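J.: After the structure tokens below, expect a handful of questions from me.
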Amino acid sequence: MRRVFLIVLDSVGIGEMPDAAAFGDEGSNTLKAASRSKYFSMPNMEKLGLFHIDGVEIGEPKEAPLGAFARMTEASQGKDTTIGHWEIAGLISESPLPTYPNGFPEEVIKEFSEKTGRGVLCNRPYSGTEVIKDYGEEHMKTGDLIVYTSADSVFQVAAHEEIVSVEKLYEYCQTAREILVGKHGVGRVIARPFEGEPGDFRRTTRRHDFSLEPPGITMLDQLKESGREVLGVGKIYDIFAGKSVTDSVRTTGNPDGIDKTLQWMDRKFEGLCFVNLVDYDMLYGHRNDVDGYAKALTYFDSRLPEILEKLQEEDILMITADHGCDPSTASTDHSREYTPLVIYGKRIPAGKNFGTRDSFADIGATVVEYFDLEQKVAGKSLL
């Protein structure tokens, strides 16, 4: 019974790509930035080969690695979560998704306001924590929705849970998703509920993403069509708009995501368990919190032995990332970086360095070949 456990450490990039300057990300290196913190410790990932990856210069690797490893290059034109995960799944995006550095056009905002029956506040790029600080009180007085974006292709809607119920906020975001198609087809519409009082507003864990459906074939499609299971942990269901996900579970953060993954490792299935651990990006990268980022990486590393212990004879563990988000730079946005790939399993050759790959899609191609399927996705299998 073959199973692949693919864990995405959201935003854990390992150094700028050659075209990083074109994205405003010259000098970014998320993992190295976190490694400078006194709270950083990843001995278990080091044993699997993380520090042996080309370009990763963190200390001196002490032992021969137990796993195989590679440095992954993003071939798609973007640096966001949606495009990164689609490429991991074997779908390369030749064109970037639309972004709105000056806010959304009037026709989009007008239609959204008319269909929700509520006014709109902000409508420009903004930090998610700052926007509720600056507009939260006005929102509570007027009931108008806080709409904002970022350097990524996102339409975000923030609302206080006592003013707009979470269910109603999701309904409004689904309305936005139906509006934002074609030339305005942003990667994600994101519900951002918050709570608290003026001066002490806090985002809650009931965020929900409404993504575009992938426009081409992914490894998820091929696995489902072949009768295998595709299990999504965390944001995976949202990122792929539910397409070809056979079962999923939401999480409240990295600890819960690891717990849910361990529970599903006890489940009998053949196929893929696709996991997104988002805290690195959401809580620490975007907030330029180097120590918080380091602590989150250290926490994952401390739980890794539990995951390794549950691997069965034919299981493969793959650990990667979808982009960077260097917490030490002035920018609070994602960064155009290489990502790591560490592979471990009883059938994986220890110490194998696959070098620098041309695309994240090599991961999807590898998964497809492992299940003996005809390759319909992009990328070159590592097998």
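To be explicit about the labels: the chains of the structure tokens are called A, B, and onward in the order shown, and within each one the residues are counted from 1, while ligands get numbers from 1 in the order they are shown.
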Report the residues of range 29-146 of chain A whose backbone DSSP state falls under helix (DSSP H, G or I), written as an NGL selection string.

T.: :A and (30-35 or 43-48 or 50-52 or 81-88 or 106-116 or 128-142)

J.: Range 169-336 of chain A: which residues are strand (DSSP E) by DSSP, as an NGL selection string?

T.: :A and (188-197 or 200-203 or 208-211 or 229-233 or 247-249 or 271-277 or 315-320)

J.: Using C-alpha atoms, can you export the residues from the last selection as an mmCIF file, in the first residue's frame?

T.:
```cif
data_model
loop_
_atom_site.group_PDB
_atom_site.id
_atom_site.type_symbol
_atom_site.label_atom_id
_atom_site.label_comp_id
_atom_site.auth_asym_id
_atom_site.auth_seq_id
_atom_site.Cartn_x
_atom_site.Cartn_y
_atom_site.Cartn_z
ATOM 1 C CA ARG A 188 -7.644 33.820 -3.650
ATOM 2 C CA VAL A 189 -10.512 35.594 -1.949
ATOM 3 C CA ILE A 190 -9.787 35.413 1.775
ATOM 4 C CA ALA A 191 -12.208 35.837 4.671
ATOM 5 C CA ARG A 192 -10.409 37.513 7.586
ATOM 6 C CA PRO A 193 -12.638 37.522 10.683
ATOM 7 C CA PHE A 194 -11.400 39.354 13.768
ATOM 8 C CA GLU A 195 -12.484 40.057 17.342
ATOM 9 C CA GLY A 196 -11.698 42.339 20.262
ATOM 10 C CA GLU A 197 -12.167 46.021 21.031
ATOM 11 C CA ASP A 200 -6.977 45.451 20.835
ATOM 12 C CA PHE A 201 -8.310 43.826 17.669
ATOM 13 C CA ARG A 202 -7.126 40.259 16.933
ATOM 14 C CA ARG A 203 -7.592 38.080 13.872
ATOM 15 C CA HIS A 208 -11.184 30.822 4.966
ATOM 16 C CA ASP A 209 -9.747 30.931 1.434
ATOM 17 C CA PHE A 210 -11.821 30.808 -1.750
ATOM 18 C CA SER A 211 -9.409 29.920 -4.552
ATOM 19 C CA GLU A 229 -7.165 8.946 -2.002
ATOM 20 C CA VAL A 230 -6.139 12.612 -1.889
ATOM 21 C CA LEU A 231 -6.245 13.837 1.703
ATOM 22 C CA GLY A 232 -5.830 17.551 2.408
ATOM 23 C CA VAL A 233 -4.622 18.928 5.751
ATOM 24 C CA ASP A 247 -11.156 14.137 2.138
ATOM 25 C CA SER A 248 -9.883 17.106 4.096
ATOM 26 C CA VAL A 249 -9.508 18.575 7.546
ATOM 27 C CA GLY A 271 -2.577 7.786 -2.190
ATOM 28 C CA LEU A 272 -1.454 11.238 -1.094
ATOM 29 C CA CYS A 273 -1.732 13.137 2.183
ATOM 30 C CA PHE A 274 -1.003 16.765 1.236
ATOM 31 C CA VAL A 275 -0.283 19.031 4.224
ATOM 32 C CA ASN A 276 0.095 22.803 4.503
ATOM 33 C CA LEU A 277 1.608 24.285 7.684
ATOM 34 C CA ASP A 315 5.555 5.334 2.561
ATOM 35 C CA ILE A 316 7.460 8.345 1.262
ATOM 36 C CA LEU A 317 7.789 11.608 3.194
ATOM 37 C CA MET A 318 8.422 14.762 1.166
ATOM 38 C CA ILE A 319 9.017 18.128 2.882
ATOM 39 C CA THR A 320 9.114 21.294 0.782
#
```

J.: Expressed in Å to a single decimal, how great is the separation between CA of Met265 in chain A and CA of Thr252 in chain A?

T.: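 CA of Thr252 in chain A lies 18.8 Å from CA of Met265 in chain A.
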
J.: Give the answer as one residue: which of A:Tyr338, A:Tyr344, A:Phe69, A:Phe112 has the shortest atom-to-atom distance to Leu145 in chain A, using only C-alpha atoms?

T.: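 Ranking A:Tyr338, A:Tyr344, A:Phe69, A:Phe112 by distance to Leu145 in chain A, first place goes to A:Phe112.
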
J.: Could you please determine the separation between CA of Lys260 in chain A and CA of His286 in chain A in Å, to one decimal place?

T.: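 Computing the Euclidean distance for CA of Lys260 in chain A and CA of His286 in chain A yields 24.8 Å.
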
J.: List every residue of range 198-252 of chain A that has an atom at most 10 Å from any atom of range 89-95 of chain A, and for each one report the closest atom pair and its distance in Å to one decimal, counting only C-alpha atoms, with rows sorted by chain and then by increasing residue number, as CSV.

T.:
```
residue,atom,partner,partner_atom,distance
A:Pro214,CA,A:Leu91,CA,8.0
A:Pro215,CA,A:Leu91,CA,8.4
A:Gly216,CA,A:Leu91,CA,6.6
A:Ile217,CA,A:Leu91,CA,6.7
A:Thr218,CA,A:Ala89,CA,5.2
A:Met219,CA,A:Ala89,CA,5.2
A:Leu220,CA,A:Ala89,CA,7.0
A:Asp221,CA,A:Ala89,CA,9.4
A:Phe240,CA,A:Ala89,CA,9.8
```

J.: Take the selection from the previous step and output its residues with N, CA and C atoms, as an mmCIF file, in the first residue's frame.

T.:
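This went into part_4.cif:
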```
data_model
loop_
_atom_site.group_PDB
_atom_site.id
_atom_site.type_symbol
_atom_site.label_atom_id
_atom_site.label_comp_id
_atom_site.auth_asym_id
_atom_site.auth_seq_id
_atom_site.Cartn_x
_atom_site.Cartn_y
_atom_site.Cartn_z
ATOM 1 N N PRO A 214 -7.828 25.139 -10.228
ATOM 2 C CA PRO A 214 -6.662 24.999 -11.104
ATOM 3 C C PRO A 214 -7.088 24.852 -12.563
ATOM 4 N N PRO A 215 -6.446 25.601 -13.482
ATOM 5 C CA PRO A 215 -6.868 25.605 -14.880
ATOM 6 C C PRO A 215 -6.327 24.448 -15.710
ATOM 7 N N GLY A 216 -5.655 23.508 -15.085
ATOM 8 C CA GLY A 216 -5.114 22.368 -15.821
ATOM 9 C C GLY A 216 -5.024 21.153 -14.926
ATOM 10 N N ILE A 217 -4.452 20.071 -15.455
ATOM 11 C CA ILE A 217 -4.352 18.809 -14.727
ATOM 12 C C ILE A 217 -3.268 18.893 -13.650
ATOM 13 N N THR A 218 -3.569 18.378 -12.466
ATOM 14 C CA THR A 218 -2.604 18.286 -11.377
ATOM 15 C C THR A 218 -2.455 16.830 -10.945
ATOM 16 N N MET A 219 -1.463 16.589 -10.102
ATOM 17 C CA MET A 219 -1.277 15.232 -9.581
ATOM 18 C C MET A 219 -2.503 14.788 -8.781
ATOM 19 N N LEU A 220 -3.218 15.760 -8.169
ATOM 20 C CA LEU A 220 -4.420 15.412 -7.421
ATOM 21 C C LEU A 220 -5.457 14.793 -8.342
ATOM 22 N N ASP A 221 -5.618 15.391 -9.540
ATOM 23 C CA ASP A 221 -6.573 14.859 -10.513
ATOM 24 C C ASP A 221 -6.204 13.440 -10.920
ATOM 25 N N PHE A 240 -6.814 24.395 -3.778
ATOM 26 C CA PHE A 240 -7.203 23.708 -5.007
ATOM 27 C C PHE A 240 -8.707 23.790 -5.259
#
```

J.: Return the single residue from A:Val245, A:Ile109, A:Leu373, A:Ala33 that is closest to Tyr284 in chain A, with distances computed using only C-alpha atoms.

T.: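 Smallest separation from Tyr284 in chain A among the options: A:Ala33.
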
J.: Closest to Leu48 in chain A among A:Asp80, A:Glu213, A:Glu114, A:Glu63, using only C-alpha atoms?

T.: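 For Leu48 in chain A, the nearest of the given residues is A:Glu63.
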
J.: Could you list, as a PyMOL selection string, every residue within 8 Å of Pro327 in chain A, counting only C-alpha atoms and ignoring same-chain residues fewer than 4 positions away?

T.: chain A and resi 30+33-34+284-290+293+332

J.: For a quick check of understanding, using only C-alpha atoms, which of A:Tyr126, A:Phe40, A:Tyr299, A:Phe104 has the smallest distance to Asp333 in chain A?

T.: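 Result for the nearest residue to Asp333 in chain A: A:Tyr126.
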
J.: Env of range 13-27 of chain A: 6 Å cut, atoms = only C-alpha atoms, seq-sep filter 2 positions within chain, self excluded. Answer as number ranges by chain.

T.: A: 11, 29-31, 323-324, 335-339
